[in-house]
2 protein chains.
Amino acid sequence: MPPQRPQYRRPTLFDSCFVARLNRYLDLTPSERDAITQLERDPKNYAAGTTLWTEGDDVSELLIVHQGWALSETRLTGGKRQILRFHFSGDLIGASGIAFRDAPASIVAATDMVVCRFPRMALGETFIAHPRLAALFFSISQMESIDLSDRLRAMGRSEGKARLANLFLSIAARMRAVTGEHNPVVRIPLTQSDLGDAVGLTQVHVNRLIRQMTEEKLITRNRSTVTLLDEQGLVDLSRFVDRFSSVDSSWFPPAAG
Amino acid sequence: MPPQRPQYRRPTLFDSCFVARLNRYLDLTPSERDAITQLERDPKNYAAGTTLWTEGDDVSELLIVHQGWALSETRLTGGKRQILRFHFSGDLIGASGIAFRDAPASIVAATDMVVCRFPRMALGETFIAHPRLAALFFSISQMESIDLSDRLRAMGRSEGKARLANLFLSIAARMRAVTGEHNPVVRIPLTQSDLGDAVGLTQVHVNRLIRQMTEEKLITRNRSTVTLLDEQGLVDLSRFVDRFSSVDSSWFPPAAG
DNA sequence: CGTTAGATTGAGCACGCTCAAAATAAGTGG
DNA sequence: CCACTTATTTTGAGCGTGCTCAATCTAACG
């Protein structure tokens with residue numbers, strides 16, 4: 001291979017979506033990219049509906065999502081379900097469980113998926129060899145907190161319509177941060193029950209709210225796509241703030257190797 | 001100073017509550033303890049009601065709480081307030097904001113406080129010198145996610161009484177993890193408005209629920225103390241799971257220095 | 001073409017909200 | 001130490017969002 005200009009990087013087949021995502025935040029060195037690629041050997045397929053692990057399981061692995069959607073969910077009194085987060089391409093799953101023995105939530109495939117599993121032990125090695133990656137992992141896992149805070153804010157004391165608006169906007173923002181394109185049509189492969197369990201409403205009520213929002217020309221929804229017709233209207237309704245565009249790396253240590 | 005047996009550590013005046021907390025999870029080496037102590041120079045006092053920073057501020061610091069309570073809160077449509085987390089002795093505040101430029105939530109002192117501020121830059125240095133501390137910081141910040149998940153679960157689709165039960169239990173669990181003692185009387189310096197804003201209920205409704213719970217002999221509350229009379233009853237009501245007892249350090253890199 | 005998961009619609013109910021006023025407790029200055 | 005102000009709690013009355021239960025309708029898929 002001919003020598004390349006140092007700043008130029010072109011995605012190849014070997015680029016995983018996770019490397020791609022990290023690289024959006026940071027100019028990864030070759031050795032850093034290698035380290036990450038090591039974590040992503042052995043991708044596996046899972047069918048929609050598969051439970052990757054269950055709340056309370058002793059999980060010693062982390063997951064990187066290559067394709068598809070997964071849900072973090074927990075069960076409430078009376079068998080009700082609370083969906084905590086959605087995970088898609090480029091996401092790291094399980095960071096929040098790393099601090100404890102037991103998984104705080106179940107992970108369920110919402111669509112067919114391609115996923116890499118790696119032992120959390122490997123993370124320790126990465127922390128030694130690549131302090132800058134440690135910092136990046138730290139930051140990325142913080143986004144999880146932010147996302148949860150935002151969901152919490154939406155659920156706190158806002159009416160149903162605002163909750164849904166917030167959910168749609170936050171999913172769209174995360175998708176857009178991954179794809180780079182700003183499309184009003186967002187693929188959201190979730191049922192009305194899923195949406196309800198995410199924002200704390202019944203499926204029936206979600207149905208009625210979606211109809212209302214459709215009448216008000218805020219959104220359209222069929223099957224697994226939601227179209228944001230009046231994005232400003234949705235923002236006004238839900239006070240949504242997009243935070244997923246960039247990462248502050250000013251405090252990061254320098255790259256190793 | 002005469003040489004000590006290596007495993008023996010006795011708390012001294014120089015032990016900060018943060019060192020103390022980290023040391024509960026991990027057997028810190030002297031150099032690790034020094035590194036942390038460096039972060040905790042210059043403690044400052046803040047009166048109850050002081051806003052340490054406001055949602056959206058460009059914050060370049062992290063906080064370590066020595067004494068007192070602080071709240072993370074954000075404003076919703078209509079001026080309503082959502083309290084996201086409570087912070088007390090030994091807590092690290094601001095980790096979740098480190099990934100982005102702007103603070104995702106305001107920090108307000110709920111009582112008089114003693115707090116140390118240190119620049120996030122210092123965290124980068126710690127990540128290089130002490131990979132094991134990096135891993136520990138990573139884990140501790142994950143507890144934040146867990147805590148938020150738990151609050152989310154409680155708010156999702158459970159009735160008011162269960163939300164309050166969950167809140168009381170989770171605060172008690174965190175306090176107990178710090179103090180080490182298991183006392184049914186828990187000091188919670190929050191008003192009914194605060195409680196309501198934390199669990200997504202109005203102050204008026206909180207009042208009524210507390211009265212009900214008192215009649216059912218679940219709790220007692222006056223001013224700033226809550227007594228958990230029937231802890232099992234509260235657990236049954238809210239499906240609370242205590243996760244704050246220990247940290248899984250099996251994946252941590254070895255100590256440096 | 002039958003089966004099943006998901007969406008739609010209706011009727012009645014209740015939990016929690018709003019508005020409002022009074023009572024109690026906690027601070028503050030003379 | 002009392003009079004005053006301010007924060008917090010308590011209680012009431014009426015209303016509405018969102019729930020439950022239940023039935024029907026639609027779309028997907030083997």
# chains A, B, ... in the order shown; residues from 1 in each chain; ligands from 1
>>> residues_around(residues="Met175 in chain B", least_positions_apart="3", cutoff="12 Å", atoms="only C-alpha atoms (C1' of nucleotides)", output="MDAnalysis selection string")
chainID B and resid 21 68:69 86:91 168:172 178:188 242 244:245
>>> interface_residues(of="chain C", to="chain A", cutoff="9 Å", atoms="only C-alpha atoms (C1' of nucleotides)", output="ChimeraX atom specification")
/C:6-8
>>> select_by_dssp(residues="range 174-250 of chain A", states="strand (DSSP E or B)", output="VMD selection string")
chain A and resid 185 to 187 219 to 222 225 to 228
>>> closest_residue(among="D:DT20, D:DA28, D:DC15, D:DT10", to="chain B", atoms="only C-alpha atoms (C1' of nucleotides)")
D:DT10
>>> closest_atom_pairs(of="chain A", to="chain B", cutoff="6 Å", atoms="only C-alpha atoms", output="Markdown table")
| residue | atom | partner | partner_atom | distance |
| --- | --- | --- | --- | --- |
| A:Gln82 | CA | B:Arg153 | CA | 5.9 |
| A:Ser96 | CA | B:Gln142 | CA | 4.9 |
| A:Ala99 | CA | B:Ser139 | CA | 4.7 |
| A:Phe100 | CA | B:Asp248 | CA | 5.0 |
| A:Arg101 | CA | B:Asp248 | CA | 5.9 |
| A:Met121 | CA | B:Trp251 | CA | 4.4 |
| A:Gly124 | CA | B:Pro253 | CA | 4.9 |
| A:Phe127 | CA | B:Pro131 | CA | 5.7 |
| A:Ile128 | CA | B:Pro131 | CA | 5.4 |
| A:Pro131 | CA | B:Ile128 | CA | 5.4 |
| A:Phe138 | CA | B:Phe138 | CA | 5.9 |
| A:Ser139 | CA | B:Ala99 | CA | 4.7 |
| A:Gln142 | CA | B:Ser96 | CA | 4.9 |
| A:Ser145 | CA | B:Ser145 | CA | 4.9 |
| A:Leu152 | CA | B:Leu152 | CA | 5.9 |
| A:Arg153 | CA | B:Gln82 | CA | 6.0 |
| A:Gly156 | CA | B:Gly200 | CA | 4.6 |
| A:Arg157 | CA | B:Gly200 | CA | 5.2 |
| A:Gly200 | CA | B:Gly156 | CA | 4.6 |
| A:Val247 | CA | B:Phe100 | CA | 5.2 |
| A:Asp248 | CA | B:Phe100 | CA | 5.0 |
| A:Trp251 | CA | B:Met121 | CA | 4.4 |
| A:Phe252 | CA | B:Gly124 | CA | 5.0 |
| A:Pro253 | CA | B:Gly124 | CA | 4.9 |
>>> interface_residues(of="chain D", to="chain A", cutoff="12 Å", atoms="only C-alpha atoms (C1' of nucleotides)", output="ChimeraX atom specification")
/D:16-21,26-28
>>> atom_distance(atom1="CA of Val114 in chain B", atom2="CA of Ala48 in chain B")
10.6 Å
>>> select_by_dssp(residues="range 64-170 of chain B", states="helix (DSSP H, G or I)", output="JSON, numbers by chain")
{"B": [77, 78, 79, 95, 96, 97, 120, 121, 122, 123, 124, 125, 126, 127, 128, 129, 131, 132, 133, 134, 135, 136, 137, 138, 139, 140, 141, 142, 143, 144, 145, 146, 147, 148, 149, 150, 151, 152, 153, 154, 155, 156, 160, 161, 162, 163, 164, 165, 166, 167, 168, 169, 170]}
>>> residues_around(residues="Ala110 in chain A", least_positions_apart="4", cutoff="9 Å", atoms="only C-alpha atoms (C1' of nucleotides)", output="VMD selection string")
chain A and resid 47 to 50 68 to 71 189 to 190
>>> write_last_selection(atoms="C-alpha atoms", output="mmCIF file, in the first residue's frame")
data_model
loop_
_atom_site.group_PDB
_atom_site.id
_atom_site.type_symbol
_atom_site.label_atom_id
_atom_site.label_comp_id
_atom_site.auth_asym_id
_atom_site.auth_seq_id
_atom_site.Cartn_x
_atom_site.Cartn_y
_atom_site.Cartn_z
ATOM 1 C CA ALA A 47 -33.181 -12.902 15.650
ATOM 2 C CA ALA A 48 -35.708 -10.256 16.607
ATOM 3 C CA GLY A 49 -37.171 -11.052 19.980
ATOM 4 C CA THR A 50 -34.081 -12.789 21.307
ATOM 5 C CA GLY A 68 -30.318 -3.751 14.327
ATOM 6 C CA TRP A 69 -32.058 -2.410 17.400
ATOM 7 C CA ALA A 70 -31.974 -3.631 20.959
ATOM 8 C CA LEU A 71 -33.923 -2.511 23.992
ATOM 9 C CA PRO A 189 -39.092 -0.366 14.491
ATOM 10 C CA LEU A 190 -41.167 -0.187 17.639
#
>>> atom_distance(atom1="CA of Ser31 in chain B", atom2="CA of Arg117 in chain B")
20.7 Å
>>> residues_around(residues="Glu40 in chain A", least_positions_apart="5", cutoff="12 Å", atoms="only C-alpha atoms (C1' of nucleotides)", output="VMD selection string")
chain A and resid 14 to 19 33 to 35 62 to 66 90 92 114 to 119 122
>>> residues_around(residues="range 18-28 of chain C", least_positions_apart="4", cutoff="9 Å", atoms="only C-alpha atoms (C1' of nucleotides)", output="list in words")
DC4, DT5, DT6, DA7, DT8, DT9, DT10, DT11, DG12 and DC15 of chain D
>>> residues_around(residues="DA22 in chain D", least_positions_apart="4", cutoff="12 Å", atoms="only C-alpha atoms (C1' of nucleotides)", output="list in words")
DT9, DG10, DA11 and DG12 of chain C
